[in-house]
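Visitor: See run_14.csv below, with CSV, C-alpha atoms.
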```
chain,number,residue,atom,x,y,z
U,1305,MET,CA,0.0,0.0,0.0
U,1306,THR,CA,1.2,3.5,-0.8
U,1307,LEU,CA,1.1,6.2,1.9
U,1308,PHE,CA,0.7,9.8,0.8
U,1309,SER,CA,2.1,12.8,2.6
U,1310,ILE,CA,1.9,16.5,2.4
U,1311,SER,CA,3.3,19.5,4.4
U,1312,LYS,CA,0.7,21.8,5.8
U,1313,GLN,CA,1.4,25.3,7.1
U,1314,ASP,CA,-0.5,26.9,10.0
U,1315,GLN,CA,0.2,29.4,12.8
U,1316,ARG,CA,2.4,26.9,14.6
U,1317,GLY,CA,4.6,26.3,11.6
U,1318,GLU,CA,5.0,23.6,9.0
U,1319,HIS,CA,3.6,20.1,9.8
U,1320,ARG,CA,3.6,16.8,8.0
U,1321,TRP,CA,0.3,15.0,7.4
U,1322,TYR,CA,-0.1,11.4,6.1
U,1323,PHE,CA,-3.0,10.0,4.1
U,1324,GLU,CA,-3.9,6.4,3.6
U,1325,SER,CA,-5.5,7.1,0.2
U,1326,LEU,CA,-6.3,10.0,-2.1
U,1327,GLY,CA,-9.9,9.3,-1.4
U,1328,ALA,CA,-9.3,10.0,2.3
U,1329,MET,CA,-7.4,13.2,1.5
U,1330,PHE,CA,-10.1,14.7,-0.7
U,1331,GLY,CA,-13.1,13.5,1.4
U,1332,GLY,CA,-14.1,10.7,-0.9
U,1333,ILE,CA,-15.3,8.7,2.0
U,1334,GLY,CA,-17.9,10.5,4.0
U,1335,ASP,CA,-20.8,10.2,6.4
U,1336,ASP,CA,-22.6,7.4,4.5
U,1337,ALA,CA,-19.6,5.2,5.1
U,1338,ARG,CA,-19.3,6.3,8.7
U,1339,ALA,CA,-22.9,5.4,9.4
U,1340,SER,CA,-22.3,1.8,8.5
U,1341,SER,CA,-18.7,1.6,9.7
U,1342,GLU,CA,-19.5,-0.2,13.0
U,1343,THR,CA,-20.5,-3.3,11.2
U,1344,SER,CA,-18.7,-2.8,7.8
U,1345,GLU,CA,-16.0,-5.0,6.5
U,1346,ARG,CA,-12.4,-4.0,6.1
U,1347,GLY,CA,-12.1,-1.0,3.8
U,1348,LYS,CA,-15.0,1.0,5.2
U,1349,ALA,CA,-14.0,3.8,7.4
U,1350,ILE,CA,-15.0,6.5,9.9
U,1351,THR,CA,-15.4,9.9,8.3
U,1352,TYR,CA,-11.9,11.1,7.6
U,1353,LEU,CA,-12.3,14.8,7.5
U,1354,ASP,CA,-14.3,15.5,10.7
U,1355,THR,CA,-12.9,16.2,14.1
U,1356,GLU,CA,-13.4,12.6,15.2
U,1357,GLY,CA,-11.6,10.9,12.3
U,1358,VAL,CA,-8.4,12.9,12.2
U,1359,LEU,CA,-5.5,11.7,14.4
U,1360,LEU,CA,-3.0,14.3,15.5
U,1361,GLY,CA,0.6,13.7,16.1
U,1362,TYR,CA,0.4,14.0,19.9
U,1363,GLU,CA,-2.3,11.4,19.9
U,1364,ILE,CA,-0.4,8.8,17.9
U,1365,GLY,CA,3.2,9.4,19.1
U,1366,LEU,CA,4.6,11.2,16.0
U,1367,ASP,CA,7.6,13.5,16.6
U,1368,ASP,CA,5.5,16.4,15.1
U,1369,PRO,CA,2.6,16.9,17.6
U,1370,TYR,CA,0.6,18.9,15.0
U,1371,GLY,CA,1.2,16.6,12.1
U,1372,GLY,CA,-1.5,14.0,11.6
U,1373,PHE,CA,-2.9,10.9,9.9
U,1374,ILE,CA,-6.2,10.4,8.0
U,1375,GLY,CA,-6.9,6.8,7.2
U,1376,ASN,CA,-9.0,3.7,7.9
U,1377,LEU,CA,-9.1,3.6,11.7
U,1378,HIS,CA,-11.0,0.3,11.6
U,1379,ASP,CA,-7.7,-1.3,10.6
U,1380,TYR,CA,-6.6,-0.5,14.2
U,1381,GLU,CA,-10.0,-1.3,15.8
U,1382,ILE,CA,-10.7,2.3,16.6
U,1383,ASN,CA,-14.1,3.8,16.1
U,1384,ALA,CA,-15.4,7.4,16.2
U,1385,GLY,CA,-17.0,7.1,19.7
U,1386,GLN,CA,-13.7,5.9,21.2
U,1387,LEU,CA,-11.8,8.7,19.6
U,1388,GLU,CA,-14.4,11.4,20.6
U,1389,TRP,CA,-14.2,10.2,24.2
U,1390,TYR,CA,-10.4,10.2,24.1
U,1391,ARG,CA,-10.4,13.8,22.8
U,1392,GLU,CA,-12.7,14.8,25.7
U,1393,VAL,CA,-10.3,13.4,28.2
U,1394,TRP,CA,-7.3,15.0,26.4
U,1395,GLN,CA,-8.9,18.4,26.1
U,1396,ASN,CA,-9.9,18.3,29.8
U,1397,LYS,CA,-12.1,21.4,29.4
U,1398,ASP,CA,-13.8,21.4,32.8
U,1399,VAL,CA,-10.5,21.5,34.6
U,1400,LYS,CA,-9.0,24.1,32.3
U,1401,THR,CA,-12.1,26.3,32.9
U,1402,TRP,CA,-11.8,25.9,36.6
U,1403,LEU,CA,-8.1,26.8,36.5
U,1404,SER,CA,-8.8,29.9,34.5
U,1405,GLU,CA,-11.4,31.1,36.9
U,1406,HIS,CA,-9.9,30.3,40.3
U,1407,LYS,CA,-6.7,30.7,42.3
U,1408,HIS,CA,-4.7,27.6,41.5
U,1409,LYS,CA,-1.8,28.0,44.0
U,1410,VAL,CA,-3.5,26.5,47.1
U,1411,LYS,CA,-2.7,25.5,50.7
U,1412,ILE,CA,-2.4,21.7,51.0
U,1413,LYS,CA,-5.3,20.3,53.0
U,1414,THR,CA,-5.4,16.6,52.3
U,1415,GLU,CA,-1.9,15.5,53.5
U,1416,PRO,CA,-1.1,16.4,57.2
U,1417,ARG,CA,2.6,15.8,56.6
U,1418,PHE,CA,2.5,18.8,54.2
U,1419,GLU,CA,0.9,21.2,56.6
U,1420,GLY,CA,1.9,24.8,55.7
U,1421,TYR,CA,2.9,23.7,52.2
U,1422,SER,CA,1.2,24.9,49.0
U,1423,VAL,CA,0.8,23.4,45.6
U,1424,ASP,CA,0.1,25.1,42.3
U,1425,LEU,CA,-2.5,23.0,40.5
U,1426,ASP,CA,-1.6,24.6,37.2
U,1427,SER,CA,2.1,23.9,37.3
U,1428,GLY,CA,2.5,20.9,39.6
U,1429,ILE,CA,5.0,22.8,41.7
U,1430,VAL,CA,4.9,22.3,45.5
U,1431,PHE,CA,6.1,25.1,47.8
U,1432,ASP,CA,7.4,24.8,51.3
U,1433,PRO,CA,6.1,27.0,54.2
U,1434,ASN,CA,8.6,29.7,53.3
U,1435,ASP,CA,7.3,29.7,49.7
U,1436,ASN,CA,10.4,28.2,48.3
U,1437,GLU,CA,10.0,25.5,45.6
U,1438,TYR,CA,10.0,22.1,47.3
U,1439,GLU,CA,12.3,19.6,45.6
U,1440,GLY,CA,11.4,16.5,47.6
U,1441,PHE,CA,9.5,14.8,44.8
U,1442,LYS,CA,12.0,12.5,43.2
U,1443,LEU,CA,11.7,10.5,40.0
U,1444,LEU,CA,11.0,6.8,40.6
U,1445,ASN,CA,11.9,3.8,38.4
U,1446,SER,CA,8.3,3.7,37.5
U,1447,GLY,CA,8.6,7.1,35.9
U,1448,TYR,CA,6.4,8.9,38.5
U,1449,LEU,CA,7.4,11.7,40.9
U,1450,ALA,CA,7.0,10.9,44.5
U,1451,SER,CA,8.0,12.0,48.0
U,1452,ASN,CA,8.1,9.4,50.9
U,1453,GLY,CA,5.5,7.2,49.1
U,1454,LEU,CA,3.2,10.0,48.0
U,1455,THR,CA,3.0,10.5,44.3
U,1456,LEU,CA,2.7,14.1,43.0
U,1457,HIS,CA,-0.2,13.2,40.8
U,1458,GLU,CA,-2.1,11.8,43.8
U,1459,LEU,CA,-1.4,15.0,45.8
U,1460,VAL,CA,-2.5,17.4,43.0
U,1461,MET,CA,-5.7,15.4,42.2
U,1462,LYS,CA,-6.7,15.3,45.9
U,1463,GLU,CA,-6.2,19.0,46.3
U,1464,TYR,CA,-8.2,19.7,43.2
U,1465,LEU,CA,-11.1,17.5,44.4
U,1466,TYR,CA,-10.9,19.1,47.8
U,1467,ARG,CA,-11.9,22.4,46.2
U,1468,THR,CA,-14.3,21.1,43.5
U,1469,ASN,CA,-15.9,17.8,44.6
U,1470,LYS,CA,-15.4,16.6,48.1
U,1471,SER,CA,-17.8,13.7,47.5
U,1472,LYS,CA,-15.6,12.4,44.7
U,1473,LEU,CA,-12.5,12.9,46.9
U,1474,LYS,CA,-14.1,10.8,49.6
U,1475,LYS,CA,-14.8,8.0,47.0
U,1476,LEU,CA,-11.2,8.2,45.8
U,1477,VAL,CA,-9.7,7.9,49.3
U,1478,ASN,CA,-12.1,5.2,50.5
U,1479,SER,CA,-12.2,3.1,47.3
U,1480,ARG,CA,-8.7,3.8,45.8
U,1481,ASP,CA,-8.6,0.5,43.9
U,1482,GLN,CA,-11.7,1.5,41.9
U,1483,TYR,CA,-10.1,4.7,40.5
U,1484,GLU,CA,-7.0,5.6,38.5
U,1485,ILE,CA,-5.4,9.0,38.1
U,1486,HIS,CA,-4.6,9.1,34.4
U,1487,HIS,CA,-1.7,11.0,33.0
U,1488,ILE,CA,-3.1,12.6,29.8
U,1489,ASP,CA,0.4,13.1,28.4
U,1490,GLY,CA,2.2,9.9,29.6
U,1491,LYS,CA,5.5,11.0,28.2
U,1492,ARG,CA,5.6,13.9,30.7
U,1493,LYS,CA,4.5,12.1,33.9
U,1494,GLY,CA,8.0,12.5,35.3
U,1495,THR,CA,7.8,16.3,35.1
U,1496,LYS,CA,6.1,18.7,37.4
U,1497,LYS,CA,4.0,20.2,34.5
U,1498,GLY,CA,3.0,16.7,33.5
U,1499,ASN,CA,1.4,16.3,37.0
U,1500,SER,CA,-0.5,19.6,36.8
U,1501,MET,CA,-4.3,19.3,36.7
U,1502,GLU,CA,-4.4,20.2,33.1
U,1503,LYS,CA,-2.6,16.9,32.4
U,1504,LEU,CA,-4.5,14.7,34.8
U,1505,ALA,CA,-7.9,12.9,34.6
U,1506,LEU,CA,-9.7,10.9,37.3
U,1507,LEU,CA,-11.1,7.7,35.7
U,1508,THR,CA,-12.7,4.6,37.0
U,1509,ALA,CA,-10.5,1.5,36.8
U,1510,LYS,CA,-12.7,0.3,33.9
U,1511,GLU,CA,-12.3,3.6,32.0
U,1512,HIS,CA,-8.5,3.6,32.7
U,1513,HIS,CA,-8.2,0.1,31.2
U,1514,GLU,CA,-10.2,1.2,28.1
U,1515,ILE,CA,-8.1,4.3,27.6
U,1516,THR,CA,-4.8,2.6,28.0
U,1517,SER,CA,-5.9,0.0,25.5
U,1518,LEU,CA,-7.0,2.7,23.1
U,1519,GLU,CA,-3.7,4.5,23.5
U,1520,LYS,CA,-1.8,1.3,22.5
U,1521,LYS,CA,-4.0,1.2,19.3
U,1522,LEU,CA,-3.3,4.9,18.6
U,1523,LYS,CA,0.4,4.3,19.1
U,1524,ALA,CA,0.3,1.5,16.5
U,1525,VAL,CA,-0.8,4.1,13.9
U,1526,GLY,CA,2.2,6.3,14.7
U,1527,ASP,CA,4.5,3.3,14.7
U,1528,MET,CA,3.2,2.3,11.3
U,1529,ILE,CA,4.0,5.7,9.9
U,1530,LYS,CA,7.5,5.9,11.5
U,1531,THR,CA,8.5,2.5,10.2
U,1532,TYR,CA,6.9,2.8,6.8
U,1533,ASP,CA,9.1,2.1,3.8
U,1534,PRO,CA,10.2,5.6,2.6
U,1535,SER,CA,10.2,4.5,-1.0
U,1536,LYS,CA,6.4,3.8,-0.7
U,1537,ILE,CA,5.5,7.3,0.7
U,1538,VAL,CA,4.5,9.7,-2.0
U,1539,ASP,CA,5.1,13.3,-1.2
U,1540,LEU,CA,2.3,15.1,-2.9
U,1541,GLY,CA,3.9,18.5,-2.2
U,1542,LYS,CA,6.8,17.6,-4.5
U,1543,ILE,CA,4.4,16.5,-7.2
U,1544,PHE,CA,2.4,19.7,-7.0
U,1545,ASP,CA,5.5,21.8,-7.0
U,1546,ARG,CA,6.6,20.2,-10.3
U,1547,LYS,CA,3.4,21.3,-12.0
```
As structure tokens, how would this structure be written, given the file I've shared?
Guide:
Amino acid sequence: MTLFSISKQDQRGEHRWYFESLGAMFGGIGDDARASSETSERGKAITYLDTEGVLLGYEIGLDDPYGGFIGNLHDYEINAGQLEWYREVWQNKDVKTWLSEHKHKVKIKTEPRFEGYSVDLDSGIVFDPNDNEYEGFKLLNSGYLASNGLTLHELVMKEYLYRTNKSKLKKLVNSRDQYEIHHIDGKRKGTKKGNSMEKLALLTAKEHHEITSLEKKLKAVGDMIKTYDPSKIVDLGKIFDRK
């Protein structure tokens, strides 16, 4: 199979996009195909050109986060509903709205050992009682940041829930095995910013299993592109430039 590519310019610069077929690139497969895609055979596809069917680089592990892929997602057992839900988790709109409307450097209330300390929910930075940046959260072999058994993502999430949903905080504390604090950008879980509320989502254990399974499928798309035989990738930009 030939893979097509083209460079697209936007306000963030120049980014490389990949297309499984020219039909995908020019919208040859549309809503009619999408309507039957759940039960269709191989070759049918989700609508390529809507916001549910376009995979961006940061979703599929490409080096260019604003590049992308438009192709048959059913080859990777991905459907539009899964991708729409994944985008909702990634966009984290409710949290971002709260952070924009409230003071996000807050006194720590959920961990007695950190009495007098503060945490900035927007940056993941912890401050000691003298308002100096606390460097006690160290990188573990697991890739998480932790201090004396307490992970940074756990602290940040609990402090956010303390201010937004004490009922959900109680459920998290009392039934910890039923919930997972998901790192939206897993590559940054070892950084303070990667443990800010913008980059965290509280999921049920079932939801977390579903999203990690989906992320593996999304990564397979990126791996396919990165390992594709270069001689079989047609750069449409070069073709158009020759005309």
Visitor: Name the residues within 9 Å of (-11.0, 10.1, 36.0), counting all atoms listed in the file in the file's coordinates, and put them as a PyMOL selection string.
Guide: chain U and resi 1393+1483-1486+1504-1509+1511-1512
Visitor: What does the structure give for the distance between atom CA of U:Ser1427 and atom CA of U:Lys1510, in Å to one decimal?
Guide: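 Rounded to one decimal, the two atoms are 28.1 Å apart.
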Visitor: Let me make sure I understand: among U:Glu1502, U:Asp1379, U:Glu1458, U:Glu1392, which one has the smallest atom-to-atom distance to U:Leu1425 if we use all atoms listed in the file?
Guide: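 Result for the nearest residue to U:Leu1425: U:Glu1502.
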Visitor: Between U:His1487, U:Lys1400, U:His1378, U:Lys1411, single out the one closest to U:Asp1426, counting all atoms listed in the file.
Guide: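 Counting all atoms listed in the file, the residue closest to U:Asp1426 is U:Lys1400.
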Visitor: May I have the residues within 12 Å of U:Asp1432 as a ChimeraX atom specification, using only C-alpha atoms and disregarding those fewer than 4 positions away in the same chain?
Guide: /U:1410-1412,1417-1424,1436-1440
Visitor: Determine, counting all atoms listed in the file, which protein, DNA and RNA residues have an atom within 10 Å of an atom of U:Leu1454; residues of the same chain fewer than 4 positions away are not included. Present the result as a PyMOL selection string.
Guide: chain U and resi 1415+1441+1449-1450+1458-1459
Visitor: Please compute the atom CA of U:Phe1323-atom CA of U:Phe1308 distance, one decimal, in Å.
Guide: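 Answer for the atom CA of U:Phe1323 to atom CA of U:Phe1308 separation: 5.0 Å.
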Visitor: Using all atoms listed in the file, determine which residues lie at most 10 Å from U:Thr1455, disregarding the query and same-chain residues fewer than 6 positions distant; provide the list as a PyMOL selection string.
Guide: chain U and resi 1441-1444+1448-1449+1499
Visitor: Quick one: of U:Gly1494, U:Pro1534, U:Gly1526, U:Gly1428, who's nearest to U:Val1460, counting all atoms listed in the file?
Guide: U:Gly1428
Visitor: My list of candidates is U:Arg1316, U:His1513, U:Ser1325, U:Arg1467. Which is closest to U:Gln1482 when distances are computed with all atoms listed in the file?
Guide: U:His1513
Visitor: Which residues are near U:Glu1519? Cut-off 9 Å, all atoms listed in the file, ignore same chain within fewer than 6 positions. Put them as a list in words.
Guide: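 Residues meeting the cut-off are Glu1363, Ile1364 and Tyr1390 of chain U.
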Visitor: Between atom CA of U:Asn1396 and atom CA of U:Tyr1362, what distance in Å does the model show, to one decimal?
Guide: 14.9 Å
Visitor: Check the smallest atom-to-atom distance from each of U:Ala1524, U:Asn1452, U:Met1501, U:Leu1518 to U:Thr1401 using only C-alpha atoms, then report the winner.
Guide: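 Distance minimum relative to U:Thr1401 lands on U:Met1501.
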Visitor: Pick from U:Ser1535, U:Gln1313, U:Thr1306, U:Ser1517: nearest to U:Glu1381, with only C-alpha atoms counted?
Guide: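 Comparing U:Ser1535, U:Gln1313, U:Thr1306, U:Ser1517 against U:Glu1381, the winner is U:Ser1517.
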